[in-house]
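Coordinates as given in protein.txt (compact mmCIF, C-alpha atoms):
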```txt
# COMPACT_ATOMS: atom_id res chain seq x y z
CA MET L 221 -13.28 11.93 2.05
CA SER L 222 -12.30 15.51 1.28
CA LEU L 223 -9.09 17.47 1.62
CA LYS L 224 -8.48 19.84 4.52
CA THR L 225 -6.63 23.15 4.15
CA PHE L 226 -5.65 25.66 6.83
CA LYS L 227 -5.60 29.44 7.16
CA PRO L 228 -2.07 30.79 6.56
CA TYR L 229 -1.35 31.90 10.11
CA THR L 230 2.17 30.41 9.82
CA LYS L 231 4.46 29.30 7.00
CA THR L 232 3.61 25.73 7.93
CA THR L 233 -0.18 26.00 7.73
CA ARG L 234 0.03 28.00 4.50
CA GLY L 235 1.22 24.96 2.52
CA THR L 236 -0.34 22.10 4.49
CA ILE L 237 -3.00 19.92 2.84
CA LEU L 238 -4.31 16.91 4.76
CA VAL L 239 -7.14 14.39 4.35
CA ASP L 240 -10.27 15.07 6.42
CA LYS L 241 -10.76 12.07 8.75
CA SER L 242 -13.85 13.42 10.57
CA LYS L 243 -16.08 10.57 9.31
CA LEU L 244 -13.76 7.82 10.59
CA TRP L 245 -13.95 5.99 13.92
CA LYS L 246 -12.61 8.29 16.66
CA GLY L 247 -11.94 5.71 19.38
CA LYS L 248 -9.12 3.24 19.95
CA PRO L 249 -8.63 0.17 17.73
CA PHE L 250 -10.23 -3.18 18.61
CA LYS L 251 -7.72 -4.44 21.18
CA PRO L 252 -7.88 -8.23 20.48
CA LEU L 253 -6.86 -7.51 16.86
CA THR L 254 -3.83 -5.35 17.71
CA SER L 255 -0.27 -6.33 18.51
CA LEU L 256 2.99 -4.70 19.58
CA LYS L 257 5.00 -3.03 16.83
CA ARG L 258 8.71 -2.66 17.49
CA SER L 259 10.68 -0.13 15.46
CA SER L 260 13.79 -1.48 13.73
CA SER L 261 15.01 2.04 12.74
CA GLY L 262 16.09 0.62 9.39
CA ARG L 263 18.45 -1.96 10.91
CA ASN L 264 18.62 -5.69 10.16
CA ASN L 265 19.20 -8.57 12.60
CA TYR L 266 22.94 -7.74 12.70
CA GLY L 267 22.22 -4.16 13.76
CA ARG L 268 23.46 -2.75 10.45
CA ILE L 269 21.52 -0.03 8.65
CA THR L 270 19.91 -1.51 5.54
CA SER L 271 17.21 1.15 5.07
CA ARG L 272 18.67 4.65 5.24
CA ASN L 273 16.98 7.76 6.66
CA THR L 274 14.57 5.73 8.79
CA GLY L 275 13.92 5.94 12.53
CA GLY L 276 12.03 7.68 15.29
CA GLY L 277 8.39 8.39 14.55
CA HIS L 278 5.25 8.22 16.63
CA LYS L 279 4.54 5.08 18.63
CA GLN L 280 2.13 2.78 16.78
CA LYS L 281 0.15 -0.39 17.39
CA TYR L 282 -0.08 -2.89 14.56
CA ARG L 283 -3.60 -3.78 13.39
CA ASN L 284 -3.82 -7.46 12.42
CA VAL L 285 -5.51 -7.10 9.03
CA ASP L 286 -6.75 -10.38 7.51
CA PHE L 287 -5.46 -10.48 3.91
CA TYR L 288 -6.46 -14.15 3.53
CA ARG L 289 -10.25 -13.72 3.93
CA LYS L 290 -10.62 -17.29 5.19
CA LYS L 291 -14.01 -16.74 6.85
CA ILE L 292 -16.03 -18.50 4.13
CA ASN L 293 -19.82 -18.35 3.57
CA VAL L 294 -20.65 -16.38 6.72
CA VAL L 295 -22.29 -12.96 6.43
CA GLY L 296 -20.44 -10.11 8.14
CA THR L 297 -21.50 -6.54 8.96
CA VAL L 298 -19.20 -3.52 8.79
CA GLU L 299 -19.07 -2.13 12.35
CA ARG L 300 -16.75 0.82 11.73
CA ILE L 301 -14.18 2.27 9.36
CA GLU L 302 -10.85 3.23 10.93
CA TYR L 303 -7.59 5.01 10.20
CA ASP L 304 -4.57 2.69 10.20
CA PRO L 305 -1.15 4.32 10.79
CA ASN L 306 0.60 1.31 9.20
CA ARG L 307 -0.87 1.76 5.69
CA SER L 308 -2.25 4.42 3.37
CA SER L 309 -5.77 2.99 2.90
CA TYR L 310 -8.41 2.77 5.63
CA ILE L 311 -9.46 -0.47 7.32
CA MET L 312 -12.88 -1.72 8.43
CA LEU L 313 -13.86 -3.81 11.43
CA VAL L 314 -16.27 -6.57 10.33
CA LYS L 315 -18.41 -8.57 12.77
CA PHE L 316 -19.65 -11.92 11.43
CA ASP L 317 -22.92 -13.61 12.39
CA ASP L 318 -21.08 -16.11 14.59
CA GLY L 319 -19.60 -13.26 16.66
CA GLU L 320 -16.04 -13.27 15.25
CA ARG L 321 -14.46 -9.97 14.21
CA PHE L 322 -11.80 -9.27 11.57
CA TYR L 323 -10.01 -6.24 10.18
CA TYR L 324 -10.19 -5.95 6.36
CA LEU L 325 -8.99 -3.31 3.91
CA ALA L 326 -11.85 -0.85 3.34
CA PRO L 327 -12.88 -0.17 -0.27
CA GLN L 328 -14.44 3.09 -1.48
CA LYS L 329 -18.23 3.59 -1.11
CA ILE L 330 -18.58 1.04 1.69
CA LYS L 331 -20.52 2.27 4.72
CA VAL L 332 -21.09 1.24 8.32
CA GLY L 333 -23.91 -1.33 8.38
CA ASP L 334 -23.15 -2.83 4.95
CA THR L 335 -22.90 -6.62 4.75
CA ILE L 336 -20.04 -8.48 3.09
CA GLN L 337 -19.19 -12.12 2.44
CA ASN L 338 -16.26 -14.32 1.40
CA GLY L 339 -16.52 -17.44 -0.75
CA SER L 340 -17.60 -18.84 -4.11
CA ASN L 341 -20.90 -18.19 -5.94
CA ILE L 342 -21.76 -15.04 -4.01
CA GLU L 343 -23.05 -11.64 -5.13
CA ILE L 344 -20.74 -9.36 -7.12
CA LYS L 345 -20.73 -6.31 -4.86
CA ILE L 346 -18.20 -4.00 -3.21
CA GLY L 347 -16.38 -5.64 -0.30
CA ASN L 348 -17.18 -9.24 -1.25
CA CYS L 349 -14.22 -11.60 -1.74
CA MET L 350 -14.28 -14.50 -4.21
CA PRO L 351 -12.08 -16.48 -6.65
CA LEU L 352 -11.04 -14.69 -9.85
CA GLU L 353 -12.99 -17.27 -11.90
CA ASP L 354 -16.26 -15.92 -10.40
CA ILE L 355 -15.51 -12.25 -11.22
CA PRO L 356 -16.61 -10.77 -14.60
CA VAL L 357 -14.00 -9.36 -16.97
CA GLY L 358 -13.45 -5.61 -16.50
CA THR L 359 -14.35 -5.53 -12.80
CA SER L 360 -12.13 -3.43 -10.50
CA ILE L 361 -10.58 -5.57 -7.76
CA HIS L 362 -8.00 -5.25 -4.97
CA ASN L 363 -6.12 -7.41 -2.44
CA VAL L 364 -5.41 -10.05 -5.11
CA GLU L 365 -3.57 -13.28 -4.29
CA ILE L 366 -0.60 -14.26 -6.46
CA GLN L 367 -0.85 -17.90 -5.35
CA PRO L 368 -4.15 -19.50 -4.20
CA GLY L 369 -4.25 -19.41 -0.39
CA GLY L 370 -1.21 -17.14 -0.15
CA GLY L 371 -3.08 -14.04 1.00
CA GLY L 372 -3.63 -10.79 -0.89
CA LYS L 373 -0.44 -9.22 -2.23
CA ILE L 374 -1.47 -7.02 -5.20
CA ALA L 375 -3.30 -3.65 -5.00
CA ARG L 376 -3.28 -2.91 -1.27
CA SER L 377 -2.44 0.82 -1.09
CA ALA L 378 -4.83 3.79 -1.00
CA GLY L 379 -6.97 4.41 -4.09
CA THR L 380 -5.54 1.48 -6.06
CA SER L 381 -7.19 -1.35 -7.95
CA VAL L 382 -6.44 -3.73 -10.82
CA SER L 383 -8.82 -5.22 -13.37
CA ILE L 384 -9.39 -8.55 -15.11
CA SER L 385 -8.66 -8.09 -18.81
CA GLY L 386 -9.30 -11.67 -19.98
CA ILE L 387 -9.11 -15.42 -19.38
CA ASP L 388 -6.33 -17.78 -20.54
CA GLY L 389 -7.19 -21.39 -19.69
CA SER L 390 -6.90 -21.84 -15.92
CA TYR L 391 -5.40 -18.34 -15.55
CA SER L 392 -6.93 -14.86 -15.36
CA LEU L 393 -5.15 -11.96 -17.07
CA ILE L 394 -4.74 -9.12 -14.56
CA LYS L 395 -3.95 -5.60 -15.77
CA MET L 396 -1.87 -3.69 -13.20
CA THR L 397 -1.84 0.06 -12.62
CA SER L 398 1.65 0.17 -14.17
CA GLY L 399 0.29 -1.25 -17.45
CA GLU L 400 1.77 -4.71 -16.88
CA VAL L 401 -0.50 -7.66 -17.75
CA ARG L 402 0.11 -10.77 -15.68
CA LYS L 403 -1.33 -14.28 -15.52
CA ILE L 404 -2.67 -15.34 -12.11
CA SER L 405 -4.43 -18.60 -11.23
CA SER L 406 -8.22 -18.26 -11.48
CA LYS L 407 -8.47 -20.03 -8.09
CA SER L 408 -6.80 -17.04 -6.37
CA MET L 409 -9.05 -14.81 -4.24
CA ALA L 410 -9.68 -11.12 -4.86
CA THR L 411 -11.96 -8.46 -3.36
CA ILE L 412 -14.40 -6.33 -5.37
CA GLY L 413 -13.92 -2.56 -5.46
CA VAL L 414 -11.33 0.23 -5.43
CA LEU L 415 -9.49 0.88 -2.17
CA SER L 416 -10.38 3.83 0.06
CA ASN L 417 -8.58 7.14 0.65
CA PRO L 418 -7.80 8.12 -2.98
CA ASP L 419 -6.86 11.65 -1.79
CA GLN L 420 -3.72 10.27 -0.09
CA LYS L 421 -1.69 11.32 -3.15
CA ASN L 422 -2.77 14.98 -2.72
CA ILE L 423 -1.39 15.38 0.82
CA LYS L 424 1.23 18.10 1.39
CA ILE L 425 3.21 17.43 4.54
CA GLY L 426 3.71 21.15 5.29
CA LYS L 427 6.60 20.84 7.74
CA ALA L 428 9.64 18.72 8.52
CA GLY L 429 8.21 17.73 11.89
CA ARG L 430 5.37 15.80 10.32
CA SER L 431 7.89 13.72 8.37
CA ARG L 432 9.63 12.91 11.67
CA TRP L 433 6.28 11.73 13.12
CA LEU L 434 6.07 9.32 10.18
CA GLY L 435 9.55 7.91 10.93
CA ARG L 436 11.38 9.67 8.10
CA ARG L 437 14.77 11.10 9.08
CA PRO L 438 16.66 13.88 7.24
CA HIS L 439 18.17 12.91 3.89
CA THR L 440 21.60 14.34 2.96
CA ARG L 441 22.29 14.69 -0.78
CA GLY L 442 25.22 12.75 -2.15
CA VAL L 443 26.79 15.75 -3.93
CA VAL L 444 27.45 17.56 -0.62
CA LYS L 445 29.31 14.60 0.90
CA ASN L 446 32.98 13.65 0.69
CA PRO L 447 34.20 11.07 -1.88
CA VAL L 448 34.73 8.54 0.94
CA ASP L 449 31.01 8.71 1.81
CA HIS L 450 29.30 8.83 -1.59
CA PRO L 451 30.21 8.36 -5.29
CA HIS L 452 28.84 11.89 -6.01
CA GLY L 453 30.99 13.49 -3.31
CA GLY L 454 33.99 15.78 -3.62
CA GLY L 455 34.89 18.38 -6.23
CA GLU L 456 35.66 22.07 -5.91
CA GLY L 457 32.68 24.28 -5.08
CA LYS L 458 29.22 23.13 -6.07
CA SER L 459 29.96 20.08 -8.18
CA ALA L 460 27.19 18.19 -9.96
CA GLY L 461 28.72 14.78 -9.28
CA GLY L 462 30.38 14.25 -12.65
CA ARG L 463 28.65 10.93 -13.37
CA HIS L 464 25.23 9.39 -13.87
CA PRO L 465 23.13 9.30 -10.65
CA VAL L 466 23.87 6.33 -8.40
CA SER L 467 23.07 5.16 -4.89
CA PRO L 468 25.67 5.30 -2.08
CA THR L 469 26.62 1.73 -3.01
CA GLY L 470 27.14 2.65 -6.68
CA GLN L 471 23.97 1.15 -8.16
CA SER L 472 22.40 3.17 -11.00
CA ALA L 473 19.48 5.29 -9.75
CA LYS L 474 17.80 5.88 -13.12
CA GLY L 475 16.47 3.22 -15.45
CA LEU L 476 18.42 0.19 -14.19
CA LYS L 477 16.34 -3.00 -14.41
CA THR L 478 16.63 -4.78 -11.06
CA ARG L 479 14.16 -7.59 -11.73
CA ASP L 480 15.97 -10.96 -11.67
CA ASN L 481 13.36 -13.69 -11.32
CA LYS L 482 13.31 -15.92 -14.41
CA ARG L 483 11.07 -18.43 -12.62
CA THR L 484 8.04 -16.09 -12.88
CA ASP L 485 8.85 -14.47 -16.26
CA LYS L 486 6.42 -16.87 -17.97
CA PHE L 487 3.48 -15.29 -16.09
CA ILE L 488 4.12 -11.78 -17.48
CA VAL L 489 2.12 -11.31 -20.69
CA ARG L 490 3.04 -7.66 -21.23
CA ARG L 491 5.72 -5.62 -19.47
CA ARG L 492 4.93 -2.41 -17.66
CA LYS L 493 5.14 0.94 -19.42
CA ARG L 494 8.50 2.68 -19.22
CA LYS L 495 8.53 5.89 -17.24
CA LYS L 496 9.77 9.06 -18.90
CA VAL L 497 13.02 10.08 -17.18
```

Take the structure from the file and write it as structure tokens.
Amino acid sequence: MSLKTFKPYTKTTRGTILVDKSKLWKGKPFKPLTSLKRSSSGRNNYGRITSRNTGGGHKQKYRNVDFYRKKINVVGTVERIEYDPNRSSYIMLVKFDDGERFYYLAPQKIKVGDTIQNGSNIEIKIGNCMPLEDIPVGTSIHNVEIQPGGGGKIARSAGTSVSISGIDGSYSLIKMTSGEVRKISSKSMATIGVLSNPDQKNIKIGKAGRSRWLGRRPHTRGVVKNPVDHPHGGGEGKSAGGRHPVSPTGQSAKGLKTRDNKRTDKFIVRRRKRKKV
């Protein structure tokens, strides 16, 4: 896919850069594989806001993507590649030889008419899903299970992939995009290839209205609030906050380690690279 720019007739179009979706399916999604999506507007089951600056947005239907790939040893054909408003990568509708259809995440370089398969001892090719023990070291993979049978959890966003860097007994060593190396059971399933829509990171929204379509509400900076509303608030004139950056609840916003899961620490071989602040 390529990027799409616009002639600068307005201030909005001057700065807008979008992804060209002209080669994607232009019709409606496959109805039996869609379900109702209710907007929570960032509120939990008590009605309290737990995710700030969220709400509104365009009405969407949820596409039931199969992250488990349980259709084993049946050949499927890619019928179409579609845009999915619920995720950054594209999805593909696959029809299997027995007539069943499933939505899967679409990797790069896959085309309408290509055949794919799930299971053990199958060909190493883009779109095929198999256990980690069947995949050669160094291969780019996505939609990787953390636990066998638990469904793909790792590398599911646009343009992402991870790779197998080695074998350690009954575990495969997976190198993440962050630089972290993690042990995952070699029985876990993974799909070959890098995910589609790598140009997602180059999009420039162009106008506030497009953010509202995506369900993002306006964000008010903490330093312009009152002390009762935010730890950065108050002060005479334009005050810089007078303390290290924190969230409205007082949690450090830069460099604080929030991971607290000692049960899975033993699976991390090498920690991720630290970001430069």

Which residues come within 12 Å of region 315-324 of chain L, counting all atoms listed in the file, excluding same-chain residues fewer than 4 positions away, as a count of residues only? 50

Selection: 10 Å around Ile394 (chain L), all atoms listed in the file, excl. self and same-chain fewer than 3 positions, as a PyMOL selection string: chain L and resi 352+357-358+361+364+382-387+391+397+399-404+488-489

Spatial sel., origin (5.5, 9.5, 15.0), limit 9 Å, only C-alpha atoms, listed as a PyMOL selection string: chain L and resi 276-280+430-435

For the selection just defined, write its residues with C-alpha atoms to a file, as a compact mmCIF listing (two decimals), keeping the file's coordinate frame.
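Output file out32.txt follows:
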```txt
# COMPACT_ATOMS: atom_id res chain seq x y z
CA GLY L 276 12.03 7.68 15.29
CA GLY L 277 8.39 8.39 14.55
CA HIS L 278 5.25 8.22 16.63
CA LYS L 279 4.54 5.08 18.63
CA GLN L 280 2.13 2.78 16.78
CA ARG L 430 5.37 15.80 10.32
CA SER L 431 7.89 13.72 8.37
CA ARG L 432 9.63 12.91 11.67
CA TRP L 433 6.28 11.73 13.12
CA LEU L 434 6.07 9.32 10.18
CA GLY L 435 9.55 7.91 10.93
```

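Take CA of Pro351 (chain L) and CA of Arg483 (chain L): the distance between them is 24.0 Å.
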
Near Thr440 (chain L), counting all atoms listed in the file, which residues have an atom at most 12 Å away, once you skip same-chain residues fewer than 3 positions from it, shown as JSON, numbers by chain? {"L": [272, 273, 437, 443, 444, 445, 446, 449, 450, 452, 453, 468]}

How big is the axis-aligned box around the listed atoms of region 412-425 of chain L once 3 Å is added on each side, and where is its centre? Give both in Å to one decimal, as lines of an AutoDock Vina configuration file.
```
center_x = -5.6
center_y = 5.9
center_z = -0.5
size_x = 23.6
size_y = 30.4
size_z = 16.0
```

Near-region 229-243 of chain L list (10 Å; all atoms listed in the file; drop same-chain fewer than 2 positions) as number ranges by chain: L: 221-227, 245-246, 301-303, 417-428

Contact residues around region 474-478 of chain L with all atoms listed in the file at 8 Å, ignoring same-chain residues under 2 positions, as a list in words: Pro465, Val466, Ser472, Asp480 and Val497 of chain L

Please indicate the distance in Å from CA of Leu244 (chain L) to CA of Leu313 (chain L), rounded to one decimal place. 11.7 Å

For CA of Gly457 (chain L) and CA of His439 (chain L), determine how far apart the two atoms are, in Å to one decimal place. 20.5 Å

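Among the candidates L:Leu393, L:Ala410, L:Ile346, L:Met312, the one nearest to Pro368 (chain L) when counting all atoms listed in the file is L:Ala410.
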